[in-house]
Amino acid sequence: MKVLVPVKRVIDYNVKARVKPDQSGVDLSNVKMSMNPFDEIAVEEAVRLKEKGIVTEIVSVSIGPQQAQETLRTSLAMGADRSILIVVDQTVEPLAVAKLLKAVVAAEEPKLVLMGKQAIDDDNNATGQMLAALLGWPQATFASKVEIAGEVATVTREVDGGLQTLSAELPAVVTVDLRLNEPRYASLPNIMKAKKKPIDAKTAADYGVDLTPRLKVSKVAEPPKRGGGIKVADAADLVGKLKNEAGVL
Amino acid sequence: MQTYNAPLRDMRFVLHELHGLEKINAYPKYADFTPDVVDSVLEEASKIATEVLLPTNAVGDQEGCVLENGVVRTPTGFKAAYDLFREGGWSSIAADPEWGGQGMPESVNKMVEEMISAANVAFGLYPGLTGGAIRALKDHGSQELKQRYLPKMVDGTWTGAMCLTEAHCGTDLGLLRTKATPNGDGSYRIDGAKIFISAGEHDLTENIVHLVLAKLPDGPKGVKGISLFLAPKFIPNEDGSLGQRNGVVCTGIEHKMGLKGSATCQLTFEDARGWLVGEPNKGMAAMFTMMNVERLAVGVQGLGINEAAYQSAVAYAKDRLQGRSLAGAKRPDLPADPIIVHPDVRRMLMTMRVYAEGCRAVGGWVAQAMDVAEASEDPIEKQTADDFVALMTPVVKALFTDMGSEASNLAIQIYGGHGYIREHGVEQYVRDARIAQLYEGTNGIQAMDLVGRKVGAHMGRYLRGFFHPIAEFIAANKDDAAVGKMVGKLEQAFGALQLTTGDLVQRSMKDPEEAGAAAVDYLRMLGLVAMGYMFVKSAKIAAEKAPTANGDAGFYEAKQASARFFVDRVLPQATGLFLTLKSGKAAMMAMPEDAF
C-alpha cells in the first residue's frame, strides 16, 4: 500500500514570529524554517505503518519554494522513500494546495493520504478536509490513533469532551493530531541515505492548477501586549471588580 | 536553568565560509559530504544535543554515579539518552566505514563534539573514549581482534576505556607496574591496579573493552617496556555472544569536583585475560595515536562549555534588572535596566563570546588539516597538514580548555551571587570545565610538548607551516579598506611572536629550563595570534558579504564587531606576553627552595 504524506515548510516552532512593519504578514527573512510539526507526526506514522509491514511505499510531497527541498530531505531521512517538490514561489492557499494534492493523488494513486491537521503558520486547518471533498474520499481528522486492517482505517479522533472512533474505507484522507506519536530523530546513516533518494521537481503548471489567491489579507498584527495587573484588597473587592469593571459576573 | 542552542550559523560560517568545506568535499573519500548533507547532520545533532542530552546535564551533576557491588549506576536518564544517541548512529560518526562507521570528516565531527560537550560533557565521555579506543585498535590491532571487537564498538553496543594511569604514575608512565604474563595460547594474564579510568565501568552497555598498558616480564625498563593489551569485561564467544566474566573489577569510583555524570573508576585486574595490541613494548606509540585525537577532543570540550556558559550568561544579562545605564536609563519602562547595558558586563560577555568564536575558528582550521592529512594523495600536502596538526594539538588542548575555564568563571561573575548557588546551573560549568585543563596531559605538559617537541622539530618545519599563511595574509591585506587597521594590529602581535620564538629557541638550546619557564606563556601567545588571524580573516569575509546579505547582514556585522573586540581588547595580551617572556627564567627560579 502506498501512502502520500504532504509536508509544509513553515517558520520553526521555536522562533518568535515578528510581524512585518507594513502589517502585510510575518517577517520570514533570515528566520529558521522547518517542517510543520503536525506533518512530522504524519511522516512518523507513515514510517511506523511501513515498519509494521502495512505500507510498502511512502511518498512525501511539498508545495513551496525551492528550499522546501530541505523539508523533503528531512522526511526522507525519517524514512520516506521518495519525494515530489512542486515549486511555487507565491503564497498558496488551502484550496490551491488541495487541488494540487488532488492532482498528485491522481498521478500516484495512494491508498492513504496522511497529513498534519493544520500548518502552524496560518493555522487554517482546511487542506485535509478540502482534499477529501475534492477526491470524494472519506476523511478522518485530528487522529490520535490510526489502525489499518485490510481496506479499513480505524481512527481515533480527539474531539471536544473526549475521543471518537471512526472507521473509514480506503482510500481515505487522515489528518493527524499532536498526540498520535512522537516523531523520531533522523539517524545519521539515514540522513546520508536521504541524499540519494529521489526528489521529483514539478511545477503547478505540470498539474494544470490555477494558484491565483482568492483570499485577501487585510492586516496581520501582534496580539495586544498584556497590561499590568492590580492587587485587590479582599474577596469582596475582587467580586465587585469582576462584576462592575470586567463585566464577567 | 541551563540553556543551549547550538550556534549553527557560526558553525556554518566556520565550515563553509572561513575554511571552505568544498576543499574536503573534493576528496573522493569525502565525496558524500556535500554542504547540504553536512548542514542536515549539524541540524539533527543540535536537536539531539538540546532535546536529549541537555536535559540530563544538571541531573547527572546532582546525582553523580553510584557504585554498588562492583556495578556502576549512571545518573537517571543517561541510559535512555545513550540508547537514542547510539541508535541514531552518533556514536560512530567519525569511525571508518569499513567497520560500520559514518566516516564523517573531522571538520564536521568536531562541531558535533562541541555540541555534545556543551549539552552534557560528562555524557560525552562514554562515546568519546570509545572513539579513542576504536582508533587505537584500528591502527594497531590484529585483524582478528579488529573483527571481533570493532563492529560492536563502532555501533556503540560496547564501549571502550583507556586504562593508563596508576596510583603512583600519571604523567610518567615509565613507572607503571601492571604486569602481563604470556598464557602460552597467544593471550596474556593481566594483573595490576589502575585509577582514574573514565567509563571504566557503567550500566550503559552490556560490555566494556579495556585497552590496558602493562609490562611484559622481559621488557626493557621505563616507557620503552610498555605494551598495550585489550581486556574486555566479558570475553566474547566465537559467535560474538557474551561469554565468561573477565578478571577486571571496579573497586571504587572517584568523588570529583565536577564531571560527576562520568564514572571515574579504580579498576583491579586480577588474572584477567588480555590480548596484545600492536608490537610488544610499543604500547606508548599505540597509545599516542589515540592520545593526540583525544587531546583535540578535550580542547573541544573546553569550547563547548565556553559556548554553553556564554549562552547562560547572555540570557541572565538580558533578564536581570539592576541599576541604570551610566549613559542614562535605557529602559525607563522598567524599574531598572537589564545588566547587559553595563560596560563591565559587556566586557565579560564579549570576552566569552570571542573566546568561543575564536576557538571554533581555530578548531575548524585544525580539523580541516586532519581531513587533508587523512584524505590527500599528495605527499607534500599530506605532510604539511600533518605538521600543522602536530603543532596545533597541544595549543587546541590547552588554549581551548583554559579559555573554557575562564569563560565559565566569567559566567558566574555575571550572575553575581546567583551564579554561586547551584540553582542556576552555571557553577556546574566551572566545575565541569576544570578537569579539561588536567586530563589527557595537563596544560603545562601540553605547553612543554609545544616548546620541547613541536617548535624546534625538523628545524622549525612545523612552525613554518603556521607562520607562512599568516605572513602571506598580512602582506596581502595590509591596505585593505575594511580590515587594514586590524591587520596592522595582527602584524604587531605576529611580529612579537616571531621575535619571541627566535629568542626562545636560542635560549633553550643553551638551557632547557628556559623552555620550561616559557612554555605556558608561549603557548598562550601563539594561540592568541592564531585566533587573531582567524578573526581578521573572518572580518574580511564578513565585510565583503554584509552589504548584500539581506536578512543575514546582522550575522556579518556581529562577526566584525567580535573581530574588533578581539583585536583591540584581547590580542594586545600577546605584546604583554612578549615582555614577560623576554625576561626569561631568572625571576621564576631565583627564590631558594628553602624559602618556599
# chains A, B, ... in the order shown; residues from 1 in each chain; ligands from 1

call {"tool": "interface_residues", "arguments": {"of": "chain B", "to": "chain A", "cutoff": "7 Å", "atoms": "only C-alpha atoms", "output": "VMD selection string"}}
result
chain B and resid 37 41 44 88 to 90 102 551 to 552

call {"tool": "write_last_selection", "arguments": {"atoms": "N, CA and C atoms", "output": "PDB file, in the first residue's frame"}}
result
ATOM      1  N   VAL B  37      24.246  17.990   2.935  1.00  0.00           N
ATOM      2  CA  VAL B  37      24.246  16.845   3.845  1.00  0.00           C
ATOM      3  C   VAL B  37      24.835  17.260   5.195  1.00  0.00           C
ATOM      4  N   VAL B  41      23.196  17.163   8.927  1.00  0.00           N
ATOM      5  CA  VAL B  41      23.822  16.451  10.051  1.00  0.00           C
ATOM      6  C   VAL B  41      23.929  17.378  11.262  1.00  0.00           C
ATOM      7  N   GLU B  44      20.487  18.007  12.839  1.00  0.00           N
ATOM      8  CA  GLU B  44      19.971  16.880  13.624  1.00  0.00           C
ATOM      9  C   GLU B  44      20.784  16.718  14.915  1.00  0.00           C
ATOM     10  N   GLY B  88      20.788   6.446  16.803  1.00  0.00           N
ATOM     11  CA  GLY B  88      20.890   7.473  15.763  1.00  0.00           C
ATOM     12  C   GLY B  88      22.195   7.419  14.990  1.00  0.00           C
ATOM     13  N   GLY B  89      23.097   6.556  15.411  1.00  0.00           N
ATOM     14  CA  GLY B  89      24.364   6.430  14.688  1.00  0.00           C
ATOM     15  C   GLY B  89      25.402   7.457  15.097  1.00  0.00           C
ATOM     16  N   TRP B  90      25.146   8.190  16.200  1.00  0.00           N
ATOM     17  CA  TRP B  90      26.068   9.274  16.569  1.00  0.00           C
ATOM     18  C   TRP B  90      27.339   8.760  17.221  1.00  0.00           C
ATOM     19  N   GLN B 102      30.448   6.076  10.104  1.00  0.00           N
ATOM     20  CA  GLN B 102      29.905   7.004   9.107  1.00  0.00           C
ATOM     21  C   GLN B 102      31.013   7.724   8.331  1.00  0.00           C
ATOM     22  N   GLY B 551      18.843  39.522   4.838  1.00  0.00           N
ATOM     23  CA  GLY B 551      18.427  39.099   6.178  1.00  0.00           C
ATOM     24  C   GLY B 551      19.578  38.648   7.052  1.00  0.00           C
ATOM     25  N   ASP B 552      20.713  38.276   6.421  1.00  0.00           N
ATOM     26  CA  ASP B 552      21.827  37.737   7.175  1.00  0.00           C
ATOM     27  C   ASP B 552      22.847  38.815   7.566  1.00  0.00           C
TER      28      ASP B 552
END

call {"tool": "select_by_dssp", "arguments": {"residues": "region 37-203 of chain A", "states": "strand (DSSP E)", "output": "number ranges by chain"}}
result
A: 57-64, 82-87, 112-116, 139-149, 152-159, 162-169, 172-176, 199-203

call {"tool": "residues_around", "arguments": {"residues": "Ala140 (chain A)", "least_positions_apart": "2", "cutoff": "8 Å", "atoms": "only C-alpha atoms", "output": "list of chain:residue names"}}
result
A:Pro138, A:Phe142, A:Ala143, A:Val155, A:Arg157, A:Leu166, A:Ala168, A:Ala172, A:Val173, A:Val174, A:Thr175

call {"tool": "write_last_selection", "arguments": {"atoms": "N, CA, C and O atoms", "output": "short mmCIF file (atom, residue, chain, number, x, y, z; two decimals), in the first residue's frame"}}
result
data_model
loop_
_atom_site.label_atom_id
_atom_site.label_comp_id
_atom_site.auth_asym_id
_atom_site.auth_seq_id
_atom_site.Cartn_x
_atom_site.Cartn_y
_atom_site.Cartn_z
N PRO A 138 -13.46 9.38 1.98
CA PRO A 138 -13.76 9.61 3.39
C PRO A 138 -12.63 10.37 4.08
O PRO A 138 -11.48 10.28 3.63
N PHE A 142 -7.93 14.97 12.95
CA PHE A 142 -7.45 15.03 14.34
C PHE A 142 -7.16 13.64 14.92
O PHE A 142 -7.52 13.34 16.06
N ALA A 143 -6.49 12.82 14.15
CA ALA A 143 -6.26 11.44 14.60
C ALA A 143 -5.29 11.38 15.77
O ALA A 143 -4.22 11.99 15.74
N VAL A 155 -9.80 5.04 13.04
CA VAL A 155 -9.11 6.25 13.51
C VAL A 155 -9.78 6.78 14.77
O VAL A 155 -11.00 6.96 14.80
N ARG A 157 -10.23 9.91 17.10
CA ARG A 157 -10.09 11.36 16.92
C ARG A 157 -10.23 12.05 18.27
O ARG A 157 -11.02 11.64 19.11
N LEU A 166 -13.71 6.32 14.55
CA LEU A 166 -14.40 6.19 13.26
C LEU A 166 -13.71 5.11 12.45
O LEU A 166 -12.53 4.84 12.63
N ALA A 168 -12.99 4.24 8.38
CA ALA A 168 -13.12 4.81 7.04
C ALA A 168 -12.61 3.79 6.04
O ALA A 168 -11.59 3.15 6.27
N ALA A 172 -8.51 6.94 1.80
CA ALA A 172 -9.04 7.96 2.69
C ALA A 172 -7.98 9.02 2.99
O ALA A 172 -6.80 8.81 2.74
N VAL A 173 -8.47 10.14 3.52
CA VAL A 173 -7.57 11.19 3.99
C VAL A 173 -7.62 11.20 5.52
O VAL A 173 -8.71 11.26 6.09
N VAL A 174 -6.46 11.08 6.16
CA VAL A 174 -6.42 11.13 7.61
C VAL A 174 -5.52 12.31 8.01
O VAL A 174 -4.38 12.41 7.55
N THR A 175 -6.06 13.21 8.82
CA THR A 175 -5.19 14.30 9.32
C THR A 175 -4.86 14.02 10.77
O THR A 175 -5.71 13.54 11.53
#

call {"tool": "atom_distance", "arguments": {"atom1": "CA of Val505 (chain B)", "atom2": "CA of Val362 (chain B)"}}
result
24.5 Å

call {"tool": "select_by_dssp", "arguments": {"residues": "region 259-311 of chain B", "states": "helix (DSSP H, G or I)", "output": "PyMOL selection string"}}
result
chain B and resi 283-311

call {"tool": "residues_around", "arguments": {"residues": "Ile120 (chain A)", "least_positions_apart": "2", "cutoff": "9 Å", "atoms": "only C-alpha atoms", "output": "PDB file with all heavy atoms, in the first residue's frame"}}
result
ATOM      1  N   VAL A  10       7.561  25.537   7.197  1.00  0.00           N
ATOM      2  CA  VAL A  10       6.970  26.667   7.941  1.00  0.00           C
ATOM      3  C   VAL A  10       8.010  27.283   8.873  1.00  0.00           C
ATOM      4  O   VAL A  10       9.078  26.717   9.094  1.00  0.00           O
ATOM      5  CB  VAL A  10       5.763  26.207   8.797  1.00  0.00           C
ATOM      6  CG1 VAL A  10       4.651  25.655   7.934  1.00  0.00           C
ATOM      7  CG2 VAL A  10       6.201  25.173   9.839  1.00  0.00           C
ATOM      8  N   ILE A  11       7.661  28.396   9.420  1.00  0.00           N
ATOM      9  CA  ILE A  11       8.522  29.032  10.433  1.00  0.00           C
ATOM     10  C   ILE A  11       8.687  28.053  11.601  1.00  0.00           C
ATOM     11  O   ILE A  11       7.742  27.397  12.012  1.00  0.00           O
ATOM     12  CB  ILE A  11       7.899  30.378  10.891  1.00  0.00           C
ATOM     13  CG1 ILE A  11       8.818  31.119  11.866  1.00  0.00           C
ATOM     14  CG2 ILE A  11       6.541  30.171  11.530  1.00  0.00           C
ATOM     15  CD1 ILE A  11       8.399  32.577  12.074  1.00  0.00           C
ATOM     16  N   ASP A  12       9.925  27.907  12.086  1.00  0.00           N
ATOM     17  CA  ASP A  12      10.199  26.937  13.144  1.00  0.00           C
ATOM     18  C   ASP A  12       9.385  27.250  14.402  1.00  0.00           C
ATOM     19  O   ASP A  12       9.205  28.415  14.759  1.00  0.00           O
ATOM     20  CB  ASP A  12      11.693  26.938  13.471  1.00  0.00           C
ATOM     21  CG  ASP A  12      12.072  25.838  14.446  1.00  0.00           C
ATOM     22  OD1 ASP A  12      12.285  24.710  13.961  1.00  0.00           O
ATOM     23  OD2 ASP A  12      12.124  26.100  15.657  1.00  0.00           O
ATOM     24  N   TYR A  13       8.908  26.185  15.050  1.00  0.00           N
ATOM     25  CA  TYR A  13       8.001  26.416  16.182  1.00  0.00           C
ATOM     26  C   TYR A  13       8.687  27.100  17.362  1.00  0.00           C
ATOM     27  O   TYR A  13       8.023  27.635  18.238  1.00  0.00           O
ATOM     28  CB  TYR A  13       7.344  25.099  16.621  1.00  0.00           C
ATOM     29  CG  TYR A  13       8.288  24.119  17.280  1.00  0.00           C
ATOM     30  CD1 TYR A  13       8.349  24.000  18.657  1.00  0.00           C
ATOM     31  CD2 TYR A  13       9.123  23.313  16.509  1.00  0.00           C
ATOM     32  CE1 TYR A  13       9.225  23.109  19.258  1.00  0.00           C
ATOM     33  CE2 TYR A  13       9.998  22.426  17.097  1.00  0.00           C
ATOM     34  CZ  TYR A  13      10.042  22.328  18.474  1.00  0.00           C
ATOM     35  OH  TYR A  13      10.915  21.446  19.056  1.00  0.00           O
ATOM     36  N   ASN A  36       6.568  21.546   9.299  1.00  0.00           N
ATOM     37  CA  ASN A  36       5.400  21.727  10.150  1.00  0.00           C
ATOM     38  C   ASN A  36       5.310  20.539  11.121  1.00  0.00           C
ATOM     39  O   ASN A  36       5.285  19.387  10.686  1.00  0.00           O
ATOM     40  CB  ASN A  36       4.162  21.793   9.248  1.00  0.00           C
ATOM     41  CG  ASN A  36       2.879  21.852  10.049  1.00  0.00           C
ATOM     42  OD1 ASN A  36       2.832  22.464  11.110  1.00  0.00           O
ATOM     43  ND2 ASN A  36       1.846  21.197   9.539  1.00  0.00           N
ATOM     44  N   PRO A  37       5.288  20.806  12.434  1.00  0.00           N
ATOM     45  CA  PRO A  37       5.335  19.693  13.403  1.00  0.00           C
ATOM     46  C   PRO A  37       4.234  18.643  13.211  1.00  0.00           C
ATOM     47  O   PRO A  37       4.471  17.454  13.416  1.00  0.00           O
ATOM     48  CB  PRO A  37       5.172  20.403  14.753  1.00  0.00           C
ATOM     49  CG  PRO A  37       5.612  21.804  14.517  1.00  0.00           C
ATOM     50  CD  PRO A  37       5.297  22.117  13.091  1.00  0.00           C
ATOM     51  N   PHE A  38       3.043  19.065  12.801  1.00  0.00           N
ATOM     52  CA  PHE A  38       1.973  18.079  12.588  1.00  0.00           C
ATOM     53  C   PHE A  38       2.310  17.162  11.405  1.00  0.00           C
ATOM     54  O   PHE A  38       1.980  15.975  11.403  1.00  0.00           O
ATOM     55  CB  PHE A  38       0.629  18.783  12.345  1.00  0.00           C
ATOM     56  CG  PHE A  38       0.102  19.487  13.566  1.00  0.00           C
ATOM     57  CD1 PHE A  38       0.098  20.872  13.648  1.00  0.00           C
ATOM     58  CD2 PHE A  38      -0.389  18.756  14.639  1.00  0.00           C
ATOM     59  CE1 PHE A  38      -0.391  21.517  14.775  1.00  0.00           C
ATOM     60  CE2 PHE A  38      -0.879  19.392  15.774  1.00  0.00           C
ATOM     61  CZ  PHE A  38      -0.880  20.783  15.843  1.00  0.00           C
ATOM     62  N   GLN A 118      -3.157  20.708  10.563  1.00  0.00           N
ATOM     63  CA  GLN A 118      -3.046  22.089  10.145  1.00  0.00           C
ATOM     64  C   GLN A 118      -1.567  22.454  10.117  1.00  0.00           C
ATOM     65  O   GLN A 118      -0.745  21.734  10.664  1.00  0.00           O
ATOM     66  CB  GLN A 118      -3.791  23.026  11.090  1.00  0.00           C
ATOM     67  CG  GLN A 118      -3.196  23.112  12.486  1.00  0.00           C
ATOM     68  CD  GLN A 118      -4.172  23.724  13.471  1.00  0.00           C
ATOM     69  OE1 GLN A 118      -5.244  23.176  13.731  1.00  0.00           O
ATOM     70  NE2 GLN A 118      -3.812  24.860  14.013  1.00  0.00           N
ATOM     71  N   ASP A 122      -0.267  29.398   9.239  1.00  0.00           N
ATOM     72  CA  ASP A 122      -1.549  30.070   9.066  1.00  0.00           C
ATOM     73  C   ASP A 122      -2.681  29.451   9.895  1.00  0.00           C
ATOM     74  O   ASP A 122      -3.750  30.038  10.015  1.00  0.00           O
ATOM     75  CB  ASP A 122      -1.941  30.060   7.584  1.00  0.00           C
ATOM     76  CG  ASP A 122      -0.998  30.939   6.772  1.00  0.00           C
ATOM     77  OD1 ASP A 122      -0.447  31.886   7.361  1.00  0.00           O
ATOM     78  OD2 ASP A 122      -0.801  30.681   5.576  1.00  0.00           O
ATOM     79  N   ASP A 123      -2.433  28.250  10.423  1.00  0.00           N
ATOM     80  CA  ASP A 123      -3.427  27.581  11.280  1.00  0.00           C
ATOM     81  C   ASP A 123      -4.809  27.465  10.632  1.00  0.00           C
ATOM     82  O   ASP A 123      -5.822  27.619  11.302  1.00  0.00           O
ATOM     83  CB  ASP A 123      -3.557  28.327  12.626  1.00  0.00           C
ATOM     84  CG  ASP A 123      -2.480  27.888  13.611  1.00  0.00           C
ATOM     85  OD1 ASP A 123      -1.921  26.795  13.426  1.00  0.00           O
ATOM     86  OD2 ASP A 123      -2.203  28.644  14.558  1.00  0.00           O
ATOM     87  N   ASN A 124      -4.837  27.206   9.330  1.00  0.00           N
ATOM     88  CA  ASN A 124      -6.140  27.156   8.655  1.00  0.00           C
ATOM     89  C   ASN A 124      -6.956  25.919   8.989  1.00  0.00           C
ATOM     90  O   ASN A 124      -8.163  25.972   9.097  1.00  0.00           O
ATOM     91  CB  ASN A 124      -5.950  27.227   7.135  1.00  0.00           C
ATOM     92  CG  ASN A 124      -5.751  28.652   6.667  1.00  0.00           C
ATOM     93  OD1 ASN A 124      -6.517  29.531   7.035  1.00  0.00           O
ATOM     94  ND2 ASN A 124      -4.710  28.880   5.893  1.00  0.00           N
TER      95      ASN A 124
END

call {"tool": "atom_distance", "arguments": {"atom1": "CA of Val66 (chain B)", "atom2": "CA of Ala309 (chain B)"}}
result
27.1 Å

call {"tool": "atom_distance", "arguments": {"atom1": "CA of Ser405 (chain B)", "atom2": "CA of Ala496 (chain B)"}}
result
26.1 Å

call {"tool": "residues_around", "arguments": {"residues": "region 127-136 of chain B", "least_positions_apart": "2", "cutoff": "10 Å", "atoms": "only C-alpha atoms", "output": "ChimeraX atom specification"}}
result
/B:82,85-86,90-96,99,113,116,121-125,138-141,146,149-151,153-154,156,158-162,198-200,208-211,228,230,277-278,285-294,297-298

call {"tool": "residues_around", "arguments": {"residues": "Lys102 (chain A)", "least_positions_apart": "2", "cutoff": "10 Å", "atoms": "only C-alpha atoms", "output": "ChimeraX atom specification"}}
result
/A:96-100,104-109,130-135,207,209

call {"tool": "write_last_selection", "arguments": {"atoms": "C-alpha atoms", "output": "PDB file, in the first residue's frame"}}
result
ATOM      1  CA  ALA A  96      -4.980  25.631  -4.229  1.00  0.00           C
ATOM      2  CA  VAL A  97      -2.922  23.160  -2.180  1.00  0.00           C
ATOM      3  CA  ALA A  98      -5.858  20.752  -2.045  1.00  0.00           C
ATOM      4  CA  LYS A  99      -6.274  20.974  -5.824  1.00  0.00           C
ATOM      5  CA  LEU A 100      -2.583  20.325  -6.380  1.00  0.00           C
ATOM      6  CA  VAL A 104      -0.756  14.348  -7.227  1.00  0.00           C
ATOM      7  CA  VAL A 105      -3.127  11.709  -5.870  1.00  0.00           C
ATOM      8  CA  ALA A 106      -4.425  11.110  -9.393  1.00  0.00           C
ATOM      9  CA  ALA A 107      -0.876  10.520 -10.622  1.00  0.00           C
ATOM     10  CA  GLU A 108       0.376   8.497  -7.668  1.00  0.00           C
ATOM     11  CA  GLU A 109      -2.779   6.602  -6.716  1.00  0.00           C
ATOM     12  CA  MET A 130     -10.860  20.141   1.189  1.00  0.00           C
ATOM     13  CA  LEU A 131      -8.724  17.415  -0.339  1.00  0.00           C
ATOM     14  CA  ALA A 132     -11.094  14.692   0.881  1.00  0.00           C
ATOM     15  CA  ALA A 133     -14.046  16.602  -0.535  1.00  0.00           C
ATOM     16  CA  LEU A 134     -12.355  17.154  -3.909  1.00  0.00           C
ATOM     17  CA  LEU A 135     -11.418  13.479  -4.125  1.00  0.00           C
ATOM     18  CA  TYR A 207      -0.688  19.668 -12.881  1.00  0.00           C
ATOM     19  CA  VAL A 209      -3.766  24.007 -11.336  1.00  0.00           C
TER      20      VAL A 209
END

call {"tool": "residues_around", "arguments": {"residues": "Ile470 (chain B)", "least_positions_apart": "5", "cutoff": "9 Å", "atoms": "only C-alpha atoms", "output": "MDAnalysis selection string"}}
result
chainID B and resid 475 491 494 530 533

call {"tool": "write_last_selection", "arguments": {"atoms": "N, CA, C and O atoms", "output": "mmCIF file, in the first residue's frame"}}
result
data_model
loop_
_atom_site.group_PDB
_atom_site.id
_atom_site.type_symbol
_atom_site.label_atom_id
_atom_site.label_comp_id
_atom_site.auth_asym_id
_atom_site.auth_seq_id
_atom_site.Cartn_x
_atom_site.Cartn_y
_atom_site.Cartn_z
ATOM 1 N N ALA B 475 50.579 40.417 4.459
ATOM 2 C CA ALA B 475 51.123 41.150 3.306
ATOM 3 C C ALA B 475 50.032 41.508 2.302
ATOM 4 O O ALA B 475 50.010 42.608 1.752
ATOM 5 N N GLU B 491 49.655 42.209 12.769
ATOM 6 C CA GLU B 491 51.060 42.195 12.376
ATOM 7 C C GLU B 491 51.964 42.445 13.598
ATOM 8 O O GLU B 491 53.001 41.805 13.758
ATOM 9 N N PHE B 494 51.938 39.321 15.689
ATOM 10 C CA PHE B 494 52.634 38.280 14.943
ATOM 11 C C PHE B 494 54.150 38.523 14.994
ATOM 12 O O PHE B 494 54.938 37.589 15.212
ATOM 13 N N ALA B 530 46.994 32.900 16.605
ATOM 14 C CA ALA B 530 46.170 32.051 15.735
ATOM 15 C C ALA B 530 44.730 32.552 15.714
ATOM 16 O O ALA B 530 44.097 32.658 14.655
ATOM 17 N N TYR B 533 44.461 35.861 13.769
ATOM 18 C CA TYR B 533 44.448 35.616 12.326
ATOM 19 C C TYR B 533 43.068 35.164 11.865
ATOM 20 O O TYR B 533 42.513 35.666 10.878
#

call {"tool": "closest_residue", "arguments": {"among": "B:Ala476, B:Asp568, B:Gly274, B:Lys540", "to": "Tyr556 (chain B)", "atoms": "only C-alpha atoms"}}
result
B:Lys540

call {"tool": "closest_residue", "arguments": {"among": "A:Lys20, A:Lys8, A:Lys216, A:Lys145", "to": "Asp121 (chain A)", "atoms": "only C-alpha atoms"}}
result
A:Lys8
